[in-house]
file query-v2.txt (compact mmCIF, C-alpha atoms)
# COMPACT_ATOMS: atom_id res chain seq x y z
CA MET A 789 -165.24 -170.45 71.08
CA ALA A 790 -163.60 -171.00 67.72
CA LEU A 791 -160.29 -169.68 69.03
CA LYS A 792 -160.45 -171.90 72.12
CA ALA A 793 -161.31 -174.86 69.90
CA LEU A 794 -158.36 -174.08 67.62
CA ILE A 795 -155.97 -173.98 70.58
CA VAL A 796 -157.34 -177.26 71.96
CA ALA A 797 -157.11 -178.90 68.53
CA ALA A 798 -153.54 -177.64 68.03
CA LEU A 799 -152.40 -178.98 71.39
CA ILE A 800 -154.11 -182.35 71.07
CA GLY A 801 -153.56 -182.83 67.33
CA GLY A 802 -149.95 -181.71 67.34
CA GLY A 803 -149.09 -183.61 70.51
CA LEU A 804 -150.72 -186.80 69.30
CA ALA A 805 -149.00 -186.57 65.91
CA ILE A 806 -145.61 -186.17 67.57
CA SER A 807 -146.33 -189.09 69.91
CA VAL A 808 -147.46 -191.50 67.23
CA SER A 809 -144.65 -190.51 64.85
CA LEU A 810 -142.20 -192.15 67.26
CA SER A 811 -143.80 -195.57 66.85
CA ARG A 812 -145.08 -197.22 63.65
CA PRO A 813 -147.56 -199.47 65.52
CA ALA A 814 -148.97 -196.43 67.35
CA GLU A 815 -149.31 -194.58 64.05
CA ARG A 816 -151.11 -197.52 62.44
CA ALA A 817 -153.47 -197.69 65.43
CA VAL A 818 -154.26 -193.97 65.74
CA ALA A 819 -154.39 -192.86 62.08
CA PRO A 820 -157.66 -194.72 61.29
CA LEU A 821 -159.26 -193.28 64.43
CA ALA A 822 -158.25 -189.77 63.37
CA VAL A 823 -159.70 -190.31 59.89
CA THR A 824 -162.90 -191.69 61.45
CA LEU A 825 -163.20 -188.54 63.55
CA GLN A 826 -162.71 -186.45 60.42
CA VAL A 827 -165.36 -188.17 58.32
CA THR A 828 -168.00 -188.44 61.05
CA PRO A 829 -170.44 -185.53 60.70
CA VAL A 830 -170.41 -183.25 63.73
CA VAL A 831 -174.20 -183.12 63.55
CA ALA A 832 -174.29 -186.86 64.27
CA ILE A 833 -172.09 -186.74 67.36
CA ALA A 834 -173.21 -183.35 68.72
CA PRO A 835 -176.18 -184.64 70.75
CA LEU A 836 -173.98 -187.27 72.39
CA VAL A 837 -171.27 -184.73 73.27
CA LEU A 838 -173.90 -182.33 74.59
CA ILE A 839 -175.26 -185.08 76.85
CA TRP A 840 -171.76 -185.93 78.09
CA PHE A 841 -170.95 -182.33 78.96
CA GLY A 842 -174.47 -181.60 80.21
CA LEU A 843 -176.86 -178.87 79.19
CA ASP A 844 -175.38 -176.65 81.88
CA HIS A 845 -172.06 -176.71 80.03
CA ALA A 846 -173.18 -176.31 76.42
CA ASP A 847 -170.30 -173.91 75.75
CA ARG A 848 -167.81 -176.68 76.61
CA ALA A 849 -169.61 -179.07 74.29
CA VAL A 850 -169.49 -176.52 71.46
CA THR A 851 -165.76 -175.99 72.03
CA ALA A 852 -165.13 -179.76 72.08
CA LEU A 853 -167.07 -180.28 68.86
CA ALA A 854 -165.32 -177.42 67.09
CA ALA A 855 -161.97 -178.78 68.28
CA ALA A 856 -162.91 -182.22 66.94
CA ILE A 857 -163.46 -180.71 63.50
CA ALA A 858 -160.23 -178.67 63.62
CA PHE A 859 -158.22 -181.63 64.95
CA PHE A 860 -157.61 -183.54 61.71
CA PRO A 861 -155.88 -180.86 59.58
CA ILE A 862 -153.41 -180.24 62.39
CA PHE A 863 -152.83 -183.92 63.15
CA SER A 864 -152.43 -184.75 59.47
CA GLY A 865 -150.17 -181.78 58.74
CA VAL A 866 -147.84 -182.42 61.66
CA LEU A 867 -147.67 -186.17 61.00
CA THR A 868 -147.01 -185.67 57.29
CA GLY A 869 -144.36 -183.08 58.07
CA LEU A 870 -142.63 -185.33 60.60
CA LYS A 871 -142.40 -188.06 57.96
CA SER A 872 -141.13 -185.66 55.27
CA ALA A 873 -137.59 -185.23 56.59
CA ASP A 874 -134.88 -185.55 53.96
CA PRO A 875 -133.86 -189.25 53.67
CA ASP A 876 -130.20 -188.26 53.27
CA LEU A 877 -130.35 -186.37 56.55
CA GLU A 878 -132.09 -189.36 58.15
CA ARG A 879 -129.14 -191.52 57.09
CA LEU A 880 -126.71 -188.93 58.44
CA PHE A 881 -128.49 -189.05 61.80
CA ASP A 882 -128.24 -192.87 61.64
CA LEU A 883 -124.53 -192.58 60.94
CA HIS A 884 -124.03 -190.42 64.02
CA ALA A 885 -126.19 -192.75 66.16
CA ALA A 886 -128.67 -190.01 67.04
CA THR A 887 -131.26 -190.87 69.66
CA PRO A 888 -134.94 -190.77 68.67
CA LEU A 889 -135.35 -187.57 70.70
CA GLN A 890 -132.39 -185.90 68.96
CA ARG A 891 -133.77 -186.96 65.57
CA LEU A 892 -137.20 -185.59 66.48
CA TRP A 893 -135.94 -182.28 67.88
CA ARG A 894 -133.20 -181.49 65.36
CA LEU A 895 -134.51 -183.02 62.13
CA ARG A 896 -138.17 -183.95 62.07
CA LEU A 897 -139.74 -181.01 63.92
CA PRO A 898 -138.00 -178.41 61.72
CA SER A 899 -139.07 -180.41 58.64
CA ALA A 900 -142.65 -180.55 59.94
CA LEU A 901 -142.99 -176.85 60.65
CA PRO A 902 -144.33 -175.72 57.23
CA PHE A 903 -146.81 -178.62 57.19
CA ALA A 904 -147.93 -177.91 60.76
CA LEU A 905 -148.47 -174.23 60.03
CA GLU A 906 -150.50 -175.04 56.91
CA GLY A 907 -152.58 -177.49 58.96
CA LEU A 908 -153.14 -174.78 61.56
CA ARG A 909 -154.32 -172.36 58.89
CA VAL A 910 -156.80 -174.88 57.49
CA ALA A 911 -157.92 -175.79 61.01
CA ALA A 912 -158.63 -172.12 61.81
CA GLY A 913 -161.40 -172.06 59.21
CA GLN A 914 -162.64 -175.47 60.31
CA ALA A 915 -162.86 -174.27 63.92
CA VAL A 916 -165.21 -171.46 62.94
CA VAL A 917 -167.39 -173.82 60.91
CA GLY A 918 -167.33 -176.37 63.73
CA ALA A 919 -168.32 -173.80 66.35
CA VAL A 920 -171.26 -172.62 64.25
CA VAL A 921 -172.53 -176.13 63.46
CA ALA A 922 -172.06 -177.28 67.05
CA GLU A 923 -173.92 -174.26 68.37
CA PHE A 924 -176.75 -174.88 65.89
CA VAL A 925 -177.05 -178.46 67.04
CA SER A 926 -176.74 -177.74 70.75
CA GLY A 927 -179.84 -175.58 70.48
CA SER A 928 -179.81 -174.95 74.20
CA GLY A 929 -179.34 -171.21 74.04
CA ALA A 930 -176.81 -171.53 76.85
CA ALA A 931 -173.99 -170.89 74.40
CA GLN A 932 -175.25 -167.73 72.73
CA GLY A 933 -172.67 -166.93 70.10
CA LEU A 934 -173.04 -165.78 66.54
CA ALA A 935 -174.62 -169.06 65.46
CA TRP A 936 -177.34 -168.61 68.04
CA ARG A 937 -177.91 -165.10 66.68
CA LEU A 938 -178.20 -166.58 63.18
CA LEU A 939 -180.85 -169.03 64.35
CA GLU A 940 -182.74 -166.39 66.27
CA ALA A 941 -182.66 -163.93 63.37
CA GLY A 942 -183.74 -166.63 60.93
CA ASN A 943 -186.63 -167.72 63.12
CA ARG A 944 -187.81 -164.13 63.53
CA LEU A 945 -187.24 -163.32 59.83
CA ARG A 946 -184.81 -160.50 60.62
CA THR A 947 -182.81 -160.35 57.43
CA ALA A 948 -180.57 -157.48 58.53
CA ASP A 949 -179.59 -159.28 61.76
CA LEU A 950 -178.99 -162.48 59.81
CA LEU A 951 -176.71 -160.72 57.33
CA ALA A 952 -174.87 -158.92 60.15
CA ALA A 953 -174.17 -162.23 61.91
CA LEU A 954 -172.98 -163.76 58.63
CA VAL A 955 -170.63 -160.83 58.02
CA CYS A 956 -169.28 -161.16 61.58
CA LEU A 957 -168.64 -164.87 61.04
CA ALA A 958 -166.90 -164.18 57.74
CA VAL A 959 -164.74 -161.50 59.37
CA LEU A 960 -163.90 -163.88 62.22
CA GLY A 961 -162.88 -166.59 59.74
CA LEU A 962 -160.80 -164.15 57.71
CA ALA A 963 -159.16 -162.76 60.85
CA LEU A 964 -158.19 -166.23 62.10
CA ASN A 965 -156.88 -167.11 58.66
CA GLY A 966 -154.93 -163.85 58.48
CA VAL A 967 -153.40 -164.31 61.91
CA THR A 968 -152.33 -167.86 61.15
CA ARG A 969 -150.90 -166.72 57.79
CA LEU A 970 -148.90 -163.97 59.51
CA ILE A 971 -147.59 -166.45 62.08
CA GLU A 972 -146.66 -168.82 59.26
CA GLN A 973 -144.86 -166.11 57.29
CA ARG A 974 -142.98 -164.80 60.31
CA ILE A 975 -141.84 -168.23 61.50
CA LEU A 976 -140.85 -169.45 58.05
CA ARG A 977 -139.11 -166.17 57.20
CA ASP A 978 -137.07 -166.37 60.41
CA ARG A 979 -136.00 -169.93 59.50
CA VAL A 980 -134.42 -168.89 56.22

call {"tool": "encode", "arguments": {"input": "query-v2.txt", "output": "structure tokens"}}
result
Amino acid sequence: MALKALIVAALIGGGLAISVSLSRPAERAVAPLAVTLQVTPVVAIAPLVLIWFGLDHADRAVTALAAAIAFFPIFSGVLTGLKSADPDLERLFDLHAATPLQRLWRLRLPSALPFALEGLRVAAGQAVVGAVVAEFVSGSGAAQGLAWRLLEAGNRLRTADLLAALVCLAVLGLALNGVTRLIEQRILRDRV
């Protein structure tokens, strides 16, 4: 579920950042909402999201909650990167009367790439944390992932099972981090 959440967060966070970067009023309207989503504890909104998705679809609720946690690093990274283009190049694009789409595609997206990849790497760890917390809170047992195994092992005082689930979660987090780091290195190496 963490991987699905990361993909959803990347699509929504990256797409929204690109959209709002084209308009200052849109950025001023959306940025506070994104920060609000970031600072709101997932434990507080989890019951509401679980009700909206229904107990029959607890796995969707867990994915949505994990994506909500992973959303902000991606949104913030892409938006910061889009605004970090070299001012001299911005003036050059002005001089050549570049359209907003040309400026986005040829200047701002390449400038944003390192920031976006760093945001994705941070979000990968957040997605794992979000999936575990969301699964704890959902408590339905319908979404029986590693977090459910942690709860079950803790309730039954099975220390070995608890440690095994923790090791699996750590390996999952490290694997996601490693994959995103490899993607980052390959993409940035090919740019040079």

call {"tool": "closest_residue", "arguments": {"input": "query-v2.txt", "among": "A:Pro813, A:Gly842, A:Gly869, A:Gly918", "to": "Ala854 in chain A", "atoms": "only C-alpha atoms"}}
result
A:Gly918

call {"tool": "residues_around", "arguments": {"input": "query-v2.txt", "residues": "Ala935 in chain A", "least_positions_apart": "6", "cutoff": "9 Å", "atoms": "all atoms listed in the file", "output": "PyMOL selection string"}}
result
chain A and resi 919-924+953-954+957

call {"tool": "closest_atom_pairs", "arguments": {"input": "query-v2.txt", "of": "range 831-873 of chain A", "to": "range 800-806 of chain A", "cutoff": "6 Å", "atoms": "only C-alpha atoms", "output": "tab-separated table"}}
result
residue	atom	partner	partner_atom	distance
A:Phe859	CA	A:Gly801	CA	5.4
A:Ile862	CA	A:Gly801	CA	5.6
A:Phe863	CA	A:Gly801	CA	4.4
A:Leu867	CA	A:Ala805	CA	5.1

call {"tool": "atom_distance", "arguments": {"input": "query-v2.txt", "atom1": "CA of Thr851 in chain A", "atom2": "CA of Leu960 in chain A"}}
result
15.7 Å

call {"tool": "atom_distance", "arguments": {"input": "query-v2.txt", "atom1": "CA of Arg848 in chain A", "atom2": "CA of Glu906 in chain A"}}
result
26.3 Å

call {"tool": "closest_residue", "arguments": {"input": "query-v2.txt", "among": "A:Val808, A:Leu791, A:Ile857, A:Val827", "to": "Thr968 in chain A", "atoms": "only C-alpha atoms"}}
result
A:Leu791

call {"tool": "closest_residue", "arguments": {"input": "query-v2.txt", "among": "A:Leu843, A:Leu970, A:Ala900, A:Val823", "to": "Asp874 in chain A", "atoms": "only C-alpha atoms"}}
result
A:Ala900

call {"tool": "atom_distance", "arguments": {"input": "query-v2.txt", "atom1": "CA of Val967 in chain A", "atom2": "CA of Val837 in chain A"}}
result
29.4 Å

call {"tool": "closest_residue", "arguments": {"input": "query-v2.txt", "among": "A:Ile975, A:Ala858, A:Arg896, A:Arg944", "to": "Ala793 in chain A", "atoms": "all atoms listed in the file"}}
result
A:Ala858

call {"tool": "residues_around", "arguments": {"input": "query-v2.txt", "residues": "range 883-894 of chain A", "least_positions_apart": "3", "cutoff": "10 Å", "atoms": "all atoms listed in the file", "output": "list in words"}}
result
Ile806, Ser809, Leu810, Leu870, Ala873, Leu877, Glu878, Arg879, Leu880, Leu897, Pro898, Ser899 and Ala900 of chain A

call {"tool": "residues_near_point", "arguments": {"input": "query-v2.txt", "point": "(-154.3, -180.3, 59.7)", "cutoff": "6 Å", "atoms": "all atoms listed in the file", "output": "PyMOL selection string"}}
result
chain A and resi 860-865+907-908+911

call {"tool": "closest_residue", "arguments": {"input": "query-v2.txt", "among": "A:Ala904, A:Leu853, A:Leu938, A:Ala963", "to": "Ser872 in chain A", "atoms": "only C-alpha atoms"}}
result
A:Ala904
